[in-house]
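Report on one structure; see the data block that follows.
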Amino acid sequence: MKKRIYNPIFPLDEYVPDGEPHVFGDRVYLYGSHDKENGDRFCMLDYTVWSAPVDDLSDWTCHGVTYKKTQDKRATKDKTPDYYAPDCVKGNDGRYYLYYAAMGPNVHPFGPMSVAVSDKPEGPFEYLGDIRYKDGTPVLKYMTNDPAVINDNGRIWLYYGWGLGRDFSNKALKPLYNFVLSKLLKRPLKEIKQTKPCILDCAVVEMENDMITVKGEPKAVLASKTSAKKGTELYNHAFYEAPSIRKIGDTYYLVYSSGENNELAYATSKYPDKDFEYRGVIVSNSDLGLNDNKQPKNNSGTIHGGIENINGQWYVFYHRCTNNTDFSRQACAEPIEIGADGSIKMVEVTTQGLNGKPLEAKGKYPAAICCQLYNPNIKRVRGNGNVEKYPCVTFDGQDRIVHICHGGTVVKYKYFNFDGCVKLSVTARGEGMLKIFGKQIAVNSATWKKYSVDCTKRGVDELVMEVTKGKIDLLEIEFV
């Protein structure tokens with residue numbers, strides 16, 4: 001019997017953002033960075049790899065630690081780098097190459113990208129070296145961030161880069177860039193001395209068969225806000241970070257995080273290294289822009305992911321933000337459709353995710369799998385980590401919970417099949433009023449207590465709960 005699968009994909013105490021899905025053989029592998037629960041910066045943990053059979057996306061296996069931070073050449077006895085978003089490709093020699101950028105407070109930012117290698121797609125991986133020119137010097141042109149790689153019938157193309165969400169003059173770029181880095185890396189501004197040119201676009205370069213040496217000079221392939229033409233669709237959804245590359249038929253799809261910093265957009269071309277044109281948005285982790293929606297329906301924050309065809313169905317993998325911070329992100333996925341014209345229609349964020357159909361309103365589910373959590377009366381400020389200021393999914397000891405700190409907060413789950421459901425019970429604590437199926441329930445308990453209400457829904461629908469008053473935590477929902 002298949003397990004139940006929903007978003008987030010992995011256990012609620014696992015934080016694997018920046019997911020790149022790849023099918024190797026009869027399994028799909030998800031490569032991502034690794035956040036620490038309620039961490040204070042990005043990507044604090046060693047790499048891990050998860051995989052599932054292509055015919056059963058409910059059966060995910062964790063392959064443990066697959067590449068340790070101590071294996072990178074920048075690691076010392078006392079300090080190790082943080083591994084940012086990786087990608088993996090099968091080389092022409094049949095081995096698997098993991099490309100990554102080592103950053104964080106213990107290393108200089110935007111140094112050389114690196115590659116590790118394994119005989120198996122799940123690893124473990126061993127350090128191979130830094131990406132370099134033929135003379136051995138490191139590749140530092142453009143911002144060496146978020147590598148993505150593709151084996152295009154034997155030709156290996158490496159994409160990478162970083163941009164800005166706003167347009168700035170060239171004169172302002174260097175000091176602004178240094179200021180951003182000082183905040184990101186939690187280091188004094190005087191220690192941030194960026195001397196190489198600030199070229200803020202997505203870059204591409206072809207690799208030699210050794211998978212570590214570039215064949216030529218990297219070049220821009222997709223514009224950021226600083227170089228996109230104003231008034232164009234690309235300018236409004238310009239490249240920011242997180243490139244991901246796929247080839248579908250004779251068309252290259254470059255998926256990326258735009259300057260909106262909550263959406264995965266995409267551009268297409270008939271060539272791997274030129275002529276990419278903006279096509280649209282695939283998903284926003286807060287449903288911004290979906291059907292012209294302007295209200296963040298979840299904790300809006302960084303996004304990174306890719307698309308993959310798994311057993312005949314295309315999916316987009318992305319991550320959601322938890323704990324009211326950008327530093328605790330969890331893997332999610334949604335099915336997508338690619339039209340006859342090559343377009344991808346924007347999809348909504350759901351709870352059902354990889355299930356492929358609505359979840360059955362039977363048995364127990366964690367409350368923390370809600371796909372929408374917002375208060376329309378509160379203007380959010382991203383990534384401040386203050387769980388008492390905004391509603392969020394967070395943790396409390398061994399429990400991952402929905403923490404609601406203000407009346408008016410909406411919690412949604414999409415979608416359930418309510419046929420046969422008689423009652424819904426919610427395990428909650430706190431003091432306030434909880435509205436479900438139009439009925440107000442008084443919650444008044446310092447410890448977890450179950451509250452029940454008759455189920456009045458039938459067929460496929462969303463489950464909506466609203467805290468109309470007070471401060472309430474949610475642990476679990478149960479359908480009877």
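Chain labels run A, B, ... following the order of the structure tokens; each chain numbers its residues from 1, and ligands are numbered from 1 in the order shown.
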
Find the residues near range 108-121 of chain A: any atom within 9 Å, counting only C-alpha atoms, skip ones fewer than 2 places away on the same chain, and give them as a compact mmCIF listing (two decimals) with C-alpha atoms, in the first residue's frame.
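Contents of result12.txt, freshly written:
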```
# COMPACT_ATOMS: atom_id res chain seq x y z
CA PHE A 24 18.46 8.49 -13.13
CA TYR A 29 16.70 12.04 -6.99
CA VAL A 49 20.13 13.26 -1.10
CA TYR A 67 28.85 15.23 1.06
CA ASP A 72 35.73 20.99 0.73
CA CYS A 88 23.95 17.03 -10.32
CA VAL A 89 24.56 15.60 -13.80
CA LYS A 90 25.69 12.30 -15.25
CA GLY A 94 29.02 7.42 -16.44
CA ARG A 95 29.88 9.05 -13.12
CA TYR A 96 27.77 11.64 -11.29
CA TYR A 97 29.03 15.18 -10.78
CA LEU A 98 27.71 17.45 -8.03
CA TYR A 99 28.27 21.16 -8.70
CA TYR A 100 28.01 23.61 -5.81
CA ALA A 101 29.11 26.95 -4.38
CA ALA A 102 30.75 27.13 -0.96
CA MET A 103 29.78 30.29 0.91
CA GLY A 104 28.77 31.40 4.39
CA PRO A 105 30.52 33.39 7.11
CA ASN A 106 33.69 31.26 7.09
CA GLY A 123 26.64 9.53 -3.49
CA PRO A 124 28.62 9.63 -1.32
CA PHE A 125 30.53 12.30 -3.24
CA GLU A 126 34.23 13.12 -3.12
CA TYR A 127 35.75 16.54 -3.74
CA LEU A 128 37.15 16.87 -7.26
CA GLY A 129 38.13 20.53 -7.50
CA ASP A 130 37.19 24.11 -8.37
CA ILE A 131 35.84 25.16 -11.77
CA ARG A 132 38.81 26.54 -13.72
CA PRO A 138 39.53 29.80 -11.20
CA VAL A 139 36.43 30.95 -13.06
CA LEU A 140 35.23 34.13 -11.34
CA MET A 143 28.66 36.05 -9.75
CA THR A 144 29.61 32.44 -9.06
CA ASN A 145 26.39 31.34 -7.42
CA ASP A 146 23.80 28.54 -7.77
CA PRO A 147 25.37 26.33 -10.47
CA LEU A 181 27.00 40.64 1.36
CA LEU A 185 27.11 36.78 5.74
CA ILE A 192 33.74 42.69 2.62
CA GLN A 194 34.70 42.64 -3.50
CA MET A 211 33.79 18.21 -15.91
CA ILE A 212 36.00 20.76 -14.17
```

Quiz item: If we count only C-alpha atoms, what is near range 410-414 of chain A at a cut-off of 10 Å, once residues fewer than 4 positions away on the same chain are taken out, given as a ChimeraX atom specification?
Solution: /A:297-298,348-353,358-359,367-376,391-392,402,404,434-435,460-468,474

Self-check item: Non-local contacts of Asn293 in chain A (12 Å; only C-alpha atoms; under 5 positions in same chain excluded) as a list in words
Solution: Ser284, Ser286, Asp287, Leu288 and Glu348 of chain A

Practice problem: Can you pull out every residue within 8 Å of Ile477 in chain A, counting only C-alpha atoms, but drop anything in the same chain fewer than 4 positions away, and send it as number ranges by chain? | Solution: A: 364-367, 424-427

Practice problem: Please provide the set of residues having any atom within 9 Å of Val28 in chain A, restricted to only C-alpha atoms, with same-chain residues fewer than 2 positions apart removed, written as a list in words. | Solution: Pro21, His22, Val23, Phe24, Gly25, Asp26, Leu30, Trp50, Ser51, Ala52, Pro53, Val54, Leu57, Glu308 and Ile310 of chain A

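Closest approach to Glu263 in chain A among A:Ile282, A:Ile150, A:Val214, A:Ile472 is made by A:Ile282 (distances from only C-alpha atoms).
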
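Residues of range 34-234 of chain A assigned to alpha helix (DSSP H) by DSSP on this structure's backbone: Asn170, Lys171, Ala172, Leu173, Lys174, Pro175, Leu176, Tyr177, Asn178, Phe179, Val180, Leu181, Ser182, Lys183, Leu184, Leu185, Glu233 and Leu234 of chain A.
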
Self-check item: Who sits within 10 Å of Asn377 in chain A, only C-alpha atoms, same chain under 4 positions skipped, as a PyMOL selection string
Solution: chain A and resi 406-409

Those same residues - all heavy atoms - I'd like them written as an mmCIF file, in the first residue's frame.
```cif
data_model
loop_
_atom_site.group_PDB
_atom_site.id
_atom_site.type_symbol
_atom_site.label_atom_id
_atom_site.label_comp_id
_atom_site.auth_asym_id
_atom_site.auth_seq_id
_atom_site.Cartn_x
_atom_site.Cartn_y
_atom_site.Cartn_z
ATOM 1 N N HIS A 406 -2.440 36.262 15.899
ATOM 2 C CA HIS A 406 -3.362 37.381 15.754
ATOM 3 C C HIS A 406 -4.695 36.900 15.193
ATOM 4 O O HIS A 406 -4.741 36.019 14.324
ATOM 5 C CB HIS A 406 -2.795 38.445 14.800
ATOM 6 C CG HIS A 406 -1.549 39.104 15.300
ATOM 7 N ND1 HIS A 406 -1.567 40.070 16.266
ATOM 8 C CD2 HIS A 406 -0.247 38.930 14.968
ATOM 9 C CE1 HIS A 406 -0.332 40.478 16.505
ATOM 10 N NE2 HIS A 406 0.482 39.798 15.726
ATOM 11 N N GLY A 407 -5.784 37.500 15.672
ATOM 12 C CA GLY A 407 -7.088 37.246 15.093
ATOM 13 C C GLY A 407 -7.148 37.695 13.640
ATOM 14 O O GLY A 407 -6.520 38.679 13.269
ATOM 15 N N GLY A 408 -7.916 36.970 12.853
ATOM 16 C CA GLY A 408 -8.023 37.257 11.432
ATOM 17 C C GLY A 408 -7.135 36.381 10.575
ATOM 18 O O GLY A 408 -7.182 36.446 9.338
ATOM 19 N N THR A 409 -6.325 35.530 11.205
ATOM 20 C CA THR A 409 -5.418 34.653 10.464
ATOM 21 C C THR A 409 -6.179 33.516 9.796
ATOM 22 O O THR A 409 -7.027 32.873 10.416
ATOM 23 C CB THR A 409 -4.337 34.085 11.391
ATOM 24 O OG1 THR A 409 -3.538 35.159 11.886
ATOM 25 C CG2 THR A 409 -3.448 33.091 10.653
#
```

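Taking CA of Gln330 in chain A and CA of Ser58 in chain A as the two end points, the separation is 16.2 Å.
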
Quiz item: Any idea what's packed within 8 Å of Asn262 in chain A, counting only C-alpha atoms, ignoring anything in its chain fewer than 2 positions away? Could you give it as a PyMOL selection string?
Solution: chain A and resi 257-258+260+264+284-286+288+300-303

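Proximity to Cys202 in chain A was assessed for A:Val255, A:Ile156, A:Met44, A:Ala361 counting only C-alpha atoms; the smallest distance is recorded for A:Val255.
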
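Distances to Ser244 in chain A were evaluated for A:Val347, A:Ala223, A:Ala85, A:Cys332 using only C-alpha atoms, and the minimum falls at A:Ala85.
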